[in-house]
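Visitor: Handing over target.txt, compact mmCIF, C-alpha atoms.
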```
# COMPACT_ATOMS: atom_id res chain seq x y z
CA MET A 1 43.63 201.41 63.40
CA HIS A 2 46.28 200.40 65.86
CA ARG A 3 49.43 200.03 63.83
CA LEU A 4 52.73 200.42 65.63
CA ARG A 5 54.74 203.40 64.51
CA ILE A 6 58.44 203.90 64.12
CA LEU A 7 59.04 205.54 67.51
CA ASP A 8 57.11 202.76 69.24
CA TYR A 9 59.73 200.30 68.06
CA ILE A 10 62.59 202.61 68.96
CA ILE A 11 61.26 203.15 72.47
CA PHE A 12 60.71 199.42 72.86
CA LEU A 13 64.31 198.70 71.85
CA LEU A 14 65.48 201.43 74.20
CA SER A 15 63.53 199.79 77.02
CA LEU A 16 65.15 196.44 76.32
CA ALA A 17 68.54 198.12 76.38
CA VAL A 18 67.78 199.70 79.76
CA VAL A 19 66.66 196.37 81.22
CA THR A 20 69.83 194.70 79.97
CA ALA A 21 71.92 197.50 81.43
CA SER A 22 70.11 197.20 84.76
CA VAL A 23 70.88 193.47 84.88
CA PHE A 24 74.59 194.22 84.56
CA TRP A 25 74.36 197.11 86.97
CA SER A 26 72.62 194.90 89.48
CA ALA A 27 75.10 192.05 89.05
CA SER A 28 78.04 194.35 89.67
CA SER A 29 76.66 195.55 93.00
CA GLY A 30 78.53 195.13 96.23
CA GLU A 31 81.88 194.30 94.65
CA GLY A 32 84.77 195.85 96.49
CA GLU A 33 82.54 197.55 99.04
CA LEU A 34 82.66 194.78 101.60
CA ILE A 35 84.64 195.16 104.77
CA ALA A 36 85.48 192.77 107.57
CA GLU A 37 84.60 194.04 111.02
CA ILE A 38 86.73 192.35 113.64
CA GLU A 39 85.95 192.48 117.34
CA ALA A 40 88.59 191.42 119.86
CA SER A 41 89.10 192.32 123.52
CA GLY A 42 86.61 195.16 123.30
CA GLU A 43 88.24 196.74 120.26
CA VAL A 44 86.82 196.91 116.74
CA TYR A 45 89.10 196.64 113.73
CA ILE A 46 88.14 197.11 110.10
CA MET A 47 89.74 195.47 107.07
CA PRO A 48 88.48 196.07 103.52
CA LEU A 49 88.06 192.79 101.67
CA SER A 50 89.43 194.40 98.52
CA ARG A 51 92.92 194.62 100.00
CA ASP A 52 94.96 191.62 101.17
CA GLY A 53 96.37 191.84 104.65
CA SER A 54 96.58 190.22 108.03
CA LEU A 55 96.08 191.14 111.64
CA VAL A 56 97.17 189.42 114.84
CA LEU A 57 94.82 189.90 117.77
CA LYS A 58 95.51 189.24 121.43
CA GLY A 59 92.89 187.45 123.44
CA PRO A 60 92.48 185.55 126.72
CA VAL A 61 94.15 182.35 125.44
CA GLY A 62 96.76 183.82 123.10
CA ASP A 63 97.01 185.18 119.58
CA THR A 64 94.49 184.90 116.73
CA ARG A 65 95.59 185.67 113.21
CA VAL A 66 92.98 187.05 110.79
CA ASP A 67 93.85 187.15 107.09
CA VAL A 68 92.22 188.80 104.09
CA ALA A 69 93.05 187.32 100.71
CA ASP A 70 91.27 187.30 97.34
CA GLY A 71 88.26 189.17 98.72
CA GLU A 72 87.71 186.70 101.52
CA VAL A 73 88.42 186.87 105.22
CA PHE A 74 89.45 183.90 107.37
CA ILE A 75 91.18 182.97 110.59
CA SER A 76 94.44 181.32 109.59
CA ASP A 77 95.75 180.48 113.03
CA SER A 78 94.65 180.72 116.63
CA ASP A 79 96.00 179.61 119.98
CA CYS A 80 92.73 177.99 120.96
CA ARG A 81 92.28 174.25 121.60
CA ASP A 82 89.87 173.04 118.92
CA LYS A 83 90.71 175.37 115.98
CA ILE A 84 87.06 175.50 115.00
CA CYS A 85 87.58 179.06 113.79
CA VAL A 86 90.27 177.94 111.39
CA ALA A 87 88.07 175.08 110.21
CA MET A 88 85.23 177.53 109.45
CA GLY A 89 87.23 178.66 106.46
CA PRO A 90 86.87 181.89 104.48
CA VAL A 91 83.74 184.08 104.29
CA SER A 92 82.98 186.89 101.85
CA THR A 93 79.25 187.68 101.74
CA PRO A 94 77.54 190.40 103.82
CA SER A 95 76.50 189.36 107.33
CA SER A 96 78.43 186.07 107.21
CA TRP A 97 80.94 185.58 110.01
CA VAL A 98 83.70 183.51 111.60
CA ALA A 99 84.56 183.51 115.27
CA CYS A 100 87.05 182.10 117.72
CA LEU A 101 85.04 181.83 120.90
CA PRO A 102 87.79 180.81 123.34
CA ASN A 103 89.89 183.77 122.27
CA ARG A 104 86.89 186.15 122.02
CA VAL A 105 87.50 187.11 118.39
CA PHE A 106 84.51 187.80 116.16
CA VAL A 107 84.86 188.55 112.46
CA ARG A 108 81.87 189.72 110.46
CA VAL A 109 81.49 190.85 106.84
CA VAL A 110 79.46 194.03 106.34
CA ALA A 111 78.60 196.08 103.27
CA GLY A 112 80.75 199.19 103.43
CA ASN A 113 78.53 202.03 102.19
CA SER A 114 75.17 201.20 103.69
CA GLY A 115 76.64 200.70 107.15
CA LYS A 116 75.14 197.36 108.03
CA GLY A 117 74.80 194.39 105.75
CA THR A 118 71.15 195.03 105.11
CA GLU A 119 69.12 192.78 102.86
CA VAL A 120 66.19 194.02 100.83
CA ASP A 121 63.10 192.07 101.60
CA ALA A 122 60.25 192.05 99.15
CA GLY A 123 57.77 193.16 101.82
CA ALA A 124 59.39 196.58 101.80
CA PHE A 125 57.67 197.23 98.50
CA MET B 126 24.25 214.62 75.04
CA PRO B 127 23.93 218.39 75.49
CA VAL B 128 27.20 220.24 75.88
CA ARG B 129 27.54 222.32 79.01
CA SER B 130 30.21 224.81 79.95
CA ASP B 131 31.36 222.84 83.01
CA ASP B 132 32.03 219.75 80.93
CA ARG B 133 35.74 220.41 81.13
CA ARG B 134 35.77 220.19 84.91
CA GLU B 135 33.41 217.25 84.86
CA ILE B 136 35.53 215.23 82.48
CA THR B 137 38.67 215.94 84.48
CA ALA B 138 36.94 214.79 87.66
CA PHE B 139 35.58 211.76 85.86
CA LEU B 140 39.02 210.67 84.69
CA GLY B 141 40.29 211.11 88.26
CA ALA B 142 37.45 208.96 89.54
CA LEU B 143 38.27 206.37 86.91
CA CYS B 144 41.82 206.23 88.31
CA LEU B 145 40.44 205.59 91.78
CA PHE B 146 38.16 202.86 90.46
CA LEU B 147 40.95 201.19 88.48
CA SER B 148 43.23 201.34 91.55
CA ALA B 149 40.56 199.40 93.42
CA VAL B 150 40.25 196.88 90.58
CA GLU B 151 44.01 196.48 90.52
CA TYR B 152 44.03 195.93 94.27
CA LEU B 153 41.87 192.85 93.71
CA ILE B 154 44.37 191.27 91.33
CA PRO B 155 46.87 189.13 93.23
CA LYS B 156 50.49 190.05 92.69
CA PRO B 157 53.13 187.34 92.45
CA LEU B 158 55.67 189.85 93.75
CA PRO B 159 54.80 193.04 95.65
CA PHE B 160 56.39 195.43 93.19
CA LEU B 161 54.79 193.86 90.14
CA ARG B 162 51.93 196.16 89.35
CA LEU B 163 49.74 196.22 86.33
CA GLY B 164 49.41 200.00 86.39
CA LEU B 165 45.77 200.00 85.33
CA ALA B 166 45.35 203.39 86.97
CA ASN B 167 47.66 204.87 84.35
CA LEU B 168 45.07 204.25 81.68
CA PRO B 169 43.03 207.43 82.24
CA LEU B 170 46.25 209.45 82.18
CA LEU B 171 47.30 207.82 78.95
CA LEU B 172 43.92 208.50 77.39
CA GLY B 173 43.75 212.00 78.87
CA LEU B 174 47.12 213.27 77.73
CA ARG B 175 45.89 213.16 74.15
CA PHE B 176 43.32 215.90 74.65
CA LEU B 177 43.51 217.37 78.18
CA LYS B 178 45.05 220.76 78.88
CA PRO B 179 48.24 220.43 80.97
CA VAL B 180 46.50 221.85 84.07
CA ASP B 181 43.76 219.25 83.87
CA LEU B 182 46.27 216.50 83.19
CA ILE B 183 48.15 217.43 86.37
CA LEU B 184 44.86 217.40 88.28
CA VAL B 185 44.08 213.88 87.05
CA LEU B 186 47.64 212.88 87.98
CA LEU B 187 47.23 214.15 91.55
CA LEU B 188 43.83 212.47 91.85
CA LYS B 189 45.37 209.23 90.62
CA VAL B 190 48.23 209.30 93.11
CA ILE B 191 45.96 210.18 96.03
CA GLY B 192 43.39 207.61 94.97
CA GLN B 193 46.02 204.91 94.74
CA GLY B 194 47.36 205.90 98.13
CA LEU B 195 43.89 205.64 99.64
CA VAL B 196 43.09 202.29 98.09
CA ASN B 197 46.46 200.70 98.86
CA GLY B 198 46.67 202.29 102.31
CA THR B 199 50.04 203.84 101.57
CA LEU B 200 48.92 207.47 101.66
CA ALA B 201 50.82 208.21 104.88
CA SER B 202 53.98 206.23 104.15
CA TYR B 203 57.10 206.81 102.12
CA VAL B 204 55.67 204.49 99.46
CA PHE B 205 53.37 207.39 98.64
CA LEU B 206 56.38 209.58 97.84
CA PHE B 207 57.73 206.85 95.56
CA SER B 208 54.39 206.68 93.83
CA LEU B 209 54.12 210.46 93.52
CA ALA B 210 57.63 210.87 92.13
CA GLY B 211 57.20 207.97 89.73
CA SER B 212 53.86 209.23 88.45
CA VAL B 213 54.96 212.85 88.02
CA VAL B 214 58.04 211.86 86.04
CA SER B 215 56.05 209.33 84.07
CA VAL B 216 53.35 211.80 83.03
CA PHE B 217 55.93 214.44 82.19
CA THR B 218 57.84 211.98 80.01
CA MET B 219 54.70 210.70 78.33
CA SER B 220 53.55 214.23 77.46
CA MET B 221 56.97 215.08 76.06
CA VAL B 222 57.13 211.91 73.97
CA TYR B 223 53.57 212.42 72.76
CA ARG B 224 54.11 216.06 71.80
CA LEU B 225 57.57 215.65 70.29
CA GLY B 226 56.85 212.32 68.63
CA GLY B 227 53.84 213.64 66.79
CA ARG B 228 52.46 211.13 64.34
CA HIS B 229 55.56 208.94 64.55
CA VAL B 230 54.64 207.68 67.97
CA GLY B 231 51.62 205.69 69.15
CA LEU B 232 50.26 205.15 72.62
CA VAL B 233 52.38 201.99 72.96
CA GLY B 234 55.56 204.03 72.73
CA VAL B 235 54.14 206.74 75.00
CA SER B 236 53.10 204.20 77.62
CA LEU B 237 56.43 202.39 77.44
CA SER B 238 58.43 205.57 77.89
CA GLY B 239 56.28 206.53 80.88
CA ALA B 240 56.74 203.11 82.48
CA LEU B 241 60.46 203.25 81.84
CA ALA B 242 60.82 206.72 83.37
CA SER B 243 58.71 205.81 86.37
CA SER B 244 60.60 202.64 87.23
CA LEU B 245 63.98 204.28 86.70
CA VAL B 246 63.06 207.08 89.10
CA GLN B 247 61.77 204.65 91.70
CA VAL B 248 64.90 202.52 91.53
CA ALA B 249 67.03 205.65 91.80
CA LEU B 250 65.05 206.78 94.85
CA ALA B 251 65.27 203.34 96.46
CA VAL B 252 69.02 203.22 96.00
CA THR B 253 69.68 206.80 97.09
CA PHE B 254 67.36 207.29 100.02
CA VAL B 255 65.75 204.20 101.42
CA PHE B 256 67.50 200.90 101.04
CA GLY B 257 71.03 201.79 99.96
CA GLU B 258 73.14 200.01 97.41
CA THR B 259 71.54 196.63 98.03
CA ALA B 260 68.35 197.90 96.38
CA ARG B 261 70.15 197.43 93.07
CA VAL B 262 69.18 193.80 93.22
CA ILE B 263 65.57 194.60 92.42
CA ALA B 264 66.38 196.98 89.54
CA PRO B 265 66.06 194.45 86.68
CA PHE B 266 62.79 193.06 88.07
CA SER B 267 61.32 196.46 88.74
CA ILE B 268 62.28 197.93 85.37
CA GLY B 269 61.49 194.74 83.47
CA SER B 270 58.03 194.36 84.95
CA GLY B 271 57.37 198.06 84.44
CA ILE B 272 58.08 197.68 80.74
CA VAL B 273 55.92 194.59 80.35
CA THR B 274 52.95 196.25 82.03
CA GLY B 275 53.62 199.50 80.16
CA LEU B 276 53.44 197.53 76.94
CA ILE B 277 50.18 195.82 77.89
CA ILE B 278 48.52 199.08 78.94
CA GLY B 279 49.83 200.81 75.82
CA VAL B 280 48.46 198.19 73.45
CA PHE B 281 45.13 198.25 75.25
CA ALA B 282 44.96 202.06 75.12
CA GLU B 283 45.82 202.11 71.42
CA ARG B 284 43.00 199.67 70.63
CA PHE B 285 40.61 201.44 72.96
CA VAL B 286 41.26 204.86 71.42
CA SER B 287 40.74 203.60 67.89
CA SER B 288 37.45 201.89 68.62
CA SER B 289 35.72 203.72 71.46
CA GLY B 290 32.89 206.02 70.45
CA TRP B 291 32.42 206.93 74.09
CA LEU B 292 35.94 208.36 74.29
CA LYS B 293 35.42 210.33 71.07
CA GLY B 294 32.29 211.82 72.62
CA ILE B 295 34.19 212.80 75.73
CA GLU B 296 36.95 214.39 73.69
CA ARG B 297 34.44 216.34 71.65
CA ARG B 298 32.59 217.60 74.72
CA TYR B 299 35.88 218.60 76.31
CA SER B 300 37.08 220.57 73.30
CA ILE B 301 33.71 222.29 72.85
CA SER B 302 33.72 223.31 76.49
CA LEU B 303 37.23 224.70 76.01
CA GLU B 304 35.95 226.77 73.09
CA ASP B 305 33.03 227.98 75.19
CA SER B 306 35.18 229.22 78.03
CA LYS B 307 37.21 231.43 75.72
```
Produce structure tokens that represent the structure in this file.
Guide:
Amino acid sequence: MHRLRILDYIIFLLSLAVVTASVFWSASSGEGELIAEIEASGEVYIMPLSRDGSLVLKGPVGDTRVDVADGEVFISDSDCRDKICVAMGPVSTPSSWVACLPNRVFVRVVAGNSGKGTEVDAGAF
Amino acid sequence: MPVRSDDRREITAFLGALCLFLSAVEYLIPKPLPFLRLGLANLPLLLGLRFLKPVDLILVLLLKVIGQGLVNGTLASYVFLFSLAGSVVSVFTMSMVYRLGGRHVGLVGVSLSGALASSLVQVALAVTFVFGETARVIAPFSIGSGIVTGLIIGVFAERFVSSSGWLKGIERRYSISLEDSK
């Protein structure tokens, strides 16, 4: 006789609840932990993406202005010729970047807690 | 089958060997994703916790973990620690649920709770020690697949227990040999 008993059902429902919870937990990951790492003239600056702000950096051809707004980082103005950095627009995901090459400014998004913006690859399991 | 006094040790060793064999069988089954495992090797533990003494159950557990490590080639890597932690917690939870649940719980519930505990521990370990916060991404897959396989193994065990004369024989021999050693 292999009839399911009362606790079997309860444990099954509990399992479903845990899976649902884990989906939400997983979806909420990374929020607010991202930071922008900005390299300019040999210096490294850090701006959390959770807080709006701006930074003006000096480089070989003039000033580059880096802005953080709405959880995204972008170069709003630069004294370079082509303004490719401005055209690159905002970035917000780990290991994405924008750069102004003539002015030697490099902006990269990294995950705050785990140091580098590491990705899990399935092979690790 | 004559009953001998070393039946207890023999049955424990046999269940351990069964784990090793089932690990090898499982190794043959292709996995769509690396962390999706059927958990066939949990079957002897699930069957054993119904009648084994705790000491013997722990022995079977250790044999299972080592056997799996040997077959999968992960014995000397951190994956082994994941496996060990997951299995220990899983067996502990299953025993608790089985003892406390009494006749209100079947092997399906026991197996599910073990799978749940094991995958929760492994996700916790992955997040805390190895991969950092980004390991959260796999949590729903890992826990979800653990529950599905726990369910399958549980249903199979429930059917097997109710219909296997072989298992009844084993249980009888084991309990007689326990009586003998007193």
Visitor: When distances are computed from all atoms listed in the file, which of A:Thr64, A:Thr93, A:Ser76, A:Thr20 shows the smallest separation from chain B?
Guide: A:Thr20
Visitor: Give the answer as one residue: which of B:Phe217, B:Phe205, B:Trp291, B:Tyr152 has the shortest atom-to-atom distance to chain A, using all atoms listed in the file?
Guide: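 Answer, going by the shortest atom-to-atom distance: B:Phe205.
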Visitor: Which residue out of B:Val230, B:Ile301, B:Val214, B:Val252 has the minimum interatomic distance to chain A when all atoms listed in the file are used?
Guide: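 Answer, going by the shortest atom-to-atom distance: B:Val230.
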Visitor: Region 139-145 of chain B: which residues within 12 Å, counting all atoms listed in the file, same-chain residues fewer than 2 positions away excluded, as a PyMOL selection string?
Guide: chain B and resi 132-137+147-152+164-174+177+181-197+292+295-296+299
Visitor: Under the rule of at most 9 Å, produce a per-residue listing of chain B near chain A: chain, number, name, the closest pair of atoms, and the distance in Å, as CSV, using only C-alpha atoms.
Guide:
```
residue,atom,partner,partner_atom,distance
B:Leu158,CA,A:Ala122,CA,7.4
B:Pro159,CA,A:Phe125,CA,5.8
B:Phe160,CA,A:Phe125,CA,5.8
B:Val204,CA,A:Phe125,CA,7.6
B:Gly226,CA,A:Leu7,CA,7.2
B:Arg228,CA,A:Arg5,CA,8.1
B:His229,CA,A:Arg5,CA,5.6
B:Val230,CA,A:Leu7,CA,4.9
B:Gly231,CA,A:Arg5,CA,6.0
B:Leu232,CA,A:Asp8,CA,8.0
B:Val233,CA,A:Asp8,CA,6.1
B:Gly234,CA,A:Asp8,CA,4.0
B:Val235,CA,A:Asp8,CA,7.6
B:Leu237,CA,A:Phe12,CA,6.9
B:Ser238,CA,A:Ile11,CA,6.6
B:Leu241,CA,A:Ser15,CA,6.7
B:Phe256,CA,A:Val120,CA,7.0
B:Gly257,CA,A:Ser114,CA,5.6
B:Glu258,CA,A:Ser114,CA,6.7
B:Thr259,CA,A:Val120,CA,6.6
B:Ala260,CA,A:Val120,CA,6.3
B:Arg261,CA,A:Ser26,CA,5.0
B:Val262,CA,A:Ser26,CA,5.2
B:Ile263,CA,A:Ser26,CA,7.6
B:Ala264,CA,A:Ser22,CA,6.1
B:Pro265,CA,A:Val23,CA,5.2
B:Phe266,CA,A:Val19,CA,8.5
B:Ile268,CA,A:Val19,CA,6.2
B:Gly269,CA,A:Val19,CA,5.9
B:Ile272,CA,A:Ser15,CA,6.9
B:Leu276,CA,A:Phe12,CA,8.5
B:Val280,CA,A:His2,CA,8.2
B:Glu283,CA,A:His2,CA,5.8
B:Arg284,CA,A:His2,CA,5.8
B:Val286,CA,A:His2,CA,8.7
B:Ser287,CA,A:Met1,CA,5.8
B:Ser288,CA,A:Met1,CA,8.1
```
Visitor: Would you mind reading off the distance between CA of Leu303 (chain B) and CA of Leu225 (chain B), one decimal, in Å?
Guide: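 Atom-to-atom, CA of Leu303 (chain B) to CA of Leu225 (chain B), that is 23.0 Å.
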Visitor: Do a neighbour search on region 65-69 of chain A at 9 Å with all atoms listed in the file, toss out local chain neighbours closer than 5 positions, and write the hits as a PyMOL selection string.
Guide: chain A and resi 36+38+47-58+74-78+90+107
Visitor: By how many Å are CA of Arg104 (chain A) and CA of Ser41 (chain A) apart?
Guide: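 According to the coordinates, CA of Arg104 (chain A) and CA of Ser41 (chain A) are separated by 6.7 Å.
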Visitor: Neighbouring residues of region 95-98 of chain A were defined as those with any atom within 7 Å, considering all atoms listed in the file; residues of the same chain fewer than 6 positions away were excluded. Please report them as number ranges by chain.
Guide: A: 85, 88, 106-110, 117
Visitor: Would you work out the distance separating CA of Gly271 (chain B) from CA of Ser208 (chain B), expressed in Å to one decimal?
Guide: 13.1 Å
Visitor: Select, from B:Gly294, B:Gly211, B:Pro179, B:Gly198, the residue with the minimum atom-to-atom distance to Ala240 (chain B), counting all atoms listed in the file.
Guide: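 Using all atoms listed in the file, Ala240 (chain B) sits closest to B:Gly211.
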Visitor: Which residues come within 10 Å of Pro102 (chain A), counting all atoms listed in the file, excluding same-chain residues fewer than 2 positions away, as a PyMOL selection string?
Guide: chain A and resi 59-62+78-85+99-100+104-105
Visitor: N, CA, C and O atoms are needed for region 225-251 of chain B; please write them out as a PDB file, in the coordinates of the input.
Guide:
```
ATOM      1  N   LEU B 225      56.421 215.602  71.192  1.00  0.00           N
ATOM      2  CA  LEU B 225      57.570 215.650  70.290  1.00  0.00           C
ATOM      3  C   LEU B 225      57.482 214.579  69.208  1.00  0.00           C
ATOM      4  O   LEU B 225      57.920 214.791  68.083  1.00  0.00           O
ATOM      5  N   GLY B 226      56.909 213.432  69.577  1.00  0.00           N
ATOM      6  CA  GLY B 226      56.850 212.320  68.630  1.00  0.00           C
ATOM      7  C   GLY B 226      55.859 212.561  67.505  1.00  0.00           C
ATOM      8  O   GLY B 226      56.025 212.054  66.408  1.00  0.00           O
ATOM      9  N   GLY B 227      54.825 213.351  67.808  1.00  0.00           N
ATOM     10  CA  GLY B 227      53.840 213.640  66.790  1.00  0.00           C
ATOM     11  C   GLY B 227      53.193 212.375  66.242  1.00  0.00           C
ATOM     12  O   GLY B 227      52.838 211.476  66.994  1.00  0.00           O
ATOM     13  N   ARG B 228      53.143 212.279  64.918  1.00  0.00           N
ATOM     14  CA  ARG B 228      52.460 211.130  64.340  1.00  0.00           C
ATOM     15  C   ARG B 228      53.385 209.927  64.201  1.00  0.00           C
ATOM     16  O   ARG B 228      52.988 208.881  63.705  1.00  0.00           O
ATOM     17  N   HIS B 229      54.652 210.078  64.642  1.00  0.00           N
ATOM     18  CA  HIS B 229      55.560 208.940  64.550  1.00  0.00           C
ATOM     19  C   HIS B 229      55.453 208.042  65.773  1.00  0.00           C
ATOM     20  O   HIS B 229      56.093 207.006  65.841  1.00  0.00           O
ATOM     21  N   VAL B 230      54.702 208.482  66.756  1.00  0.00           N
ATOM     22  CA  VAL B 230      54.640 207.680  67.970  1.00  0.00           C
ATOM     23  C   VAL B 230      53.180 207.354  68.301  1.00  0.00           C
ATOM     24  O   VAL B 230      52.283 208.173  68.127  1.00  0.00           O
ATOM     25  N   GLY B 231      52.955 206.106  68.736  1.00  0.00           N
ATOM     26  CA  GLY B 231      51.620 205.690  69.150  1.00  0.00           C
ATOM     27  C   GLY B 231      51.568 205.600  70.664  1.00  0.00           C
ATOM     28  O   GLY B 231      52.549 205.864  71.352  1.00  0.00           O
ATOM     29  N   LEU B 232      50.409 205.216  71.168  1.00  0.00           N
ATOM     30  CA  LEU B 232      50.260 205.150  72.620  1.00  0.00           C
ATOM     31  C   LEU B 232      51.138 204.056  73.230  1.00  0.00           C
ATOM     32  O   LEU B 232      51.474 204.120  74.401  1.00  0.00           O
ATOM     33  N   VAL B 233      51.497 203.036  72.435  1.00  0.00           N
ATOM     34  CA  VAL B 233      52.380 201.990  72.960  1.00  0.00           C
ATOM     35  C   VAL B 233      53.725 202.588  73.343  1.00  0.00           C
ATOM     36  O   VAL B 233      54.234 202.360  74.447  1.00  0.00           O
ATOM     37  N   GLY B 234      54.284 203.383  72.444  1.00  0.00           N
ATOM     38  CA  GLY B 234      55.560 204.030  72.730  1.00  0.00           C
ATOM     39  C   GLY B 234      55.446 205.006  73.888  1.00  0.00           C
ATOM     40  O   GLY B 234      56.320 205.069  74.747  1.00  0.00           O
ATOM     41  N   VAL B 235      54.353 205.769  73.926  1.00  0.00           N
ATOM     42  CA  VAL B 235      54.140 206.740  75.000  1.00  0.00           C
ATOM     43  C   VAL B 235      54.062 206.018  76.341  1.00  0.00           C
ATOM     44  O   VAL B 235      54.736 206.380  77.306  1.00  0.00           O
ATOM     45  N   SER B 236      53.265 204.953  76.381  1.00  0.00           N
ATOM     46  CA  SER B 236      53.100 204.200  77.620  1.00  0.00           C
ATOM     47  C   SER B 236      54.410 203.567  78.068  1.00  0.00           C
ATOM     48  O   SER B 236      54.766 203.608  79.249  1.00  0.00           O
ATOM     49  N   LEU B 237      55.139 203.011  77.120  1.00  0.00           N
ATOM     50  CA  LEU B 237      56.430 202.390  77.440  1.00  0.00           C
ATOM     51  C   LEU B 237      57.399 203.402  78.023  1.00  0.00           C
ATOM     52  O   LEU B 237      58.064 203.125  79.024  1.00  0.00           O
ATOM     53  N   SER B 238      57.475 204.576  77.399  1.00  0.00           N
ATOM     54  CA  SER B 238      58.430 205.570  77.890  1.00  0.00           C
ATOM     55  C   SER B 238      58.041 206.034  79.291  1.00  0.00           C
ATOM     56  O   SER B 238      58.906 206.254  80.138  1.00  0.00           O
ATOM     57  N   GLY B 239      56.737 206.154  79.535  1.00  0.00           N
ATOM     58  CA  GLY B 239      56.280 206.530  80.880  1.00  0.00           C
ATOM     59  C   GLY B 239      56.651 205.480  81.902  1.00  0.00           C
ATOM     60  O   GLY B 239      57.152 205.793  82.991  1.00  0.00           O
ATOM     61  N   ALA B 240      56.428 204.206  81.564  1.00  0.00           N
ATOM     62  CA  ALA B 240      56.740 203.110  82.480  1.00  0.00           C
ATOM     63  C   ALA B 240      58.230 203.069  82.771  1.00  0.00           C
ATOM     64  O   ALA B 240      58.661 202.896  83.912  1.00  0.00           O
ATOM     65  N   LEU B 241      59.000 203.271  81.712  1.00  0.00           N
ATOM     66  CA  LEU B 241      60.460 203.250  81.840  1.00  0.00           C
ATOM     67  C   LEU B 241      60.919 204.360  82.787  1.00  0.00           C
ATOM     68  O   LEU B 241      61.674 204.123  83.736  1.00  0.00           O
ATOM     69  N   ALA B 242      60.426 205.578  82.550  1.00  0.00           N
ATOM     70  CA  ALA B 242      60.820 206.720  83.370  1.00  0.00           C
ATOM     71  C   ALA B 242      60.428 206.491  84.826  1.00  0.00           C
ATOM     72  O   ALA B 242      61.217 206.703  85.741  1.00  0.00           O
ATOM     73  N   SER B 243      59.201 206.015  85.014  1.00  0.00           N
ATOM     74  CA  SER B 243      58.710 205.810  86.370  1.00  0.00           C
ATOM     75  C   SER B 243      59.543 204.788  87.125  1.00  0.00           C
ATOM     76  O   SER B 243      59.946 205.014  88.272  1.00  0.00           O
ATOM     77  N   SER B 244      59.849 203.652  86.477  1.00  0.00           N
ATOM     78  CA  SER B 244      60.600 202.640  87.230  1.00  0.00           C
ATOM     79  C   SER B 244      62.046 203.052  87.455  1.00  0.00           C
ATOM     80  O   SER B 244      62.618 202.751  88.492  1.00  0.00           O
ATOM     81  N   LEU B 245      62.612 203.794  86.495  1.00  0.00           N
ATOM     82  CA  LEU B 245      63.980 204.280  86.700  1.00  0.00           C
ATOM     83  C   LEU B 245      64.045 205.217  87.912  1.00  0.00           C
ATOM     84  O   LEU B 245      64.936 205.108  88.748  1.00  0.00           O
ATOM     85  N   VAL B 246      63.073 206.128  87.988  1.00  0.00           N
ATOM     86  CA  VAL B 246      63.060 207.080  89.100  1.00  0.00           C
ATOM     87  C   VAL B 246      62.895 206.343  90.432  1.00  0.00           C
ATOM     88  O   VAL B 246      63.566 206.644  91.415  1.00  0.00           O
ATOM     89  N   GLN B 247      62.006 205.344  90.435  1.00  0.00           N
ATOM     90  CA  GLN B 247      61.770 204.650  91.700  1.00  0.00           C
ATOM     91  C   GLN B 247      62.997 203.851  92.138  1.00  0.00           C
ATOM     92  O   GLN B 247      63.305 203.791  93.329  1.00  0.00           O
ATOM     93  N   VAL B 248      63.681 203.239  91.173  1.00  0.00           N
ATOM     94  CA  VAL B 248      64.900 202.520  91.530  1.00  0.00           C
ATOM     95  C   VAL B 248      65.950 203.501  92.054  1.00  0.00           C
ATOM     96  O   VAL B 248      66.603 203.262  93.075  1.00  0.00           O
ATOM     97  N   ALA B 249      66.067 204.650  91.366  1.00  0.00           N
ATOM     98  CA  ALA B 249      67.030 205.650  91.800  1.00  0.00           C
ATOM     99  C   ALA B 249      66.723 206.109  93.228  1.00  0.00           C
ATOM    100  O   ALA B 249      67.613 206.228  94.068  1.00  0.00           O
ATOM    101  N   LEU B 250      65.452 206.359  93.512  1.00  0.00           N
ATOM    102  CA  LEU B 250      65.050 206.780  94.850  1.00  0.00           C
ATOM    103  C   LEU B 250      65.361 205.701  95.878  1.00  0.00           C
ATOM    104  O   LEU B 250      65.882 205.981  96.964  1.00  0.00           O
ATOM    105  N   ALA B 251      65.054 204.448  95.523  1.00  0.00           N
ATOM    106  CA  ALA B 251      65.270 203.340  96.460  1.00  0.00           C
ATOM    107  C   ALA B 251      66.746 203.224  96.799  1.00  0.00           C
ATOM    108  O   ALA B 251      67.117 203.033  97.954  1.00  0.00           O
TER     109      ALA B 251
END
```
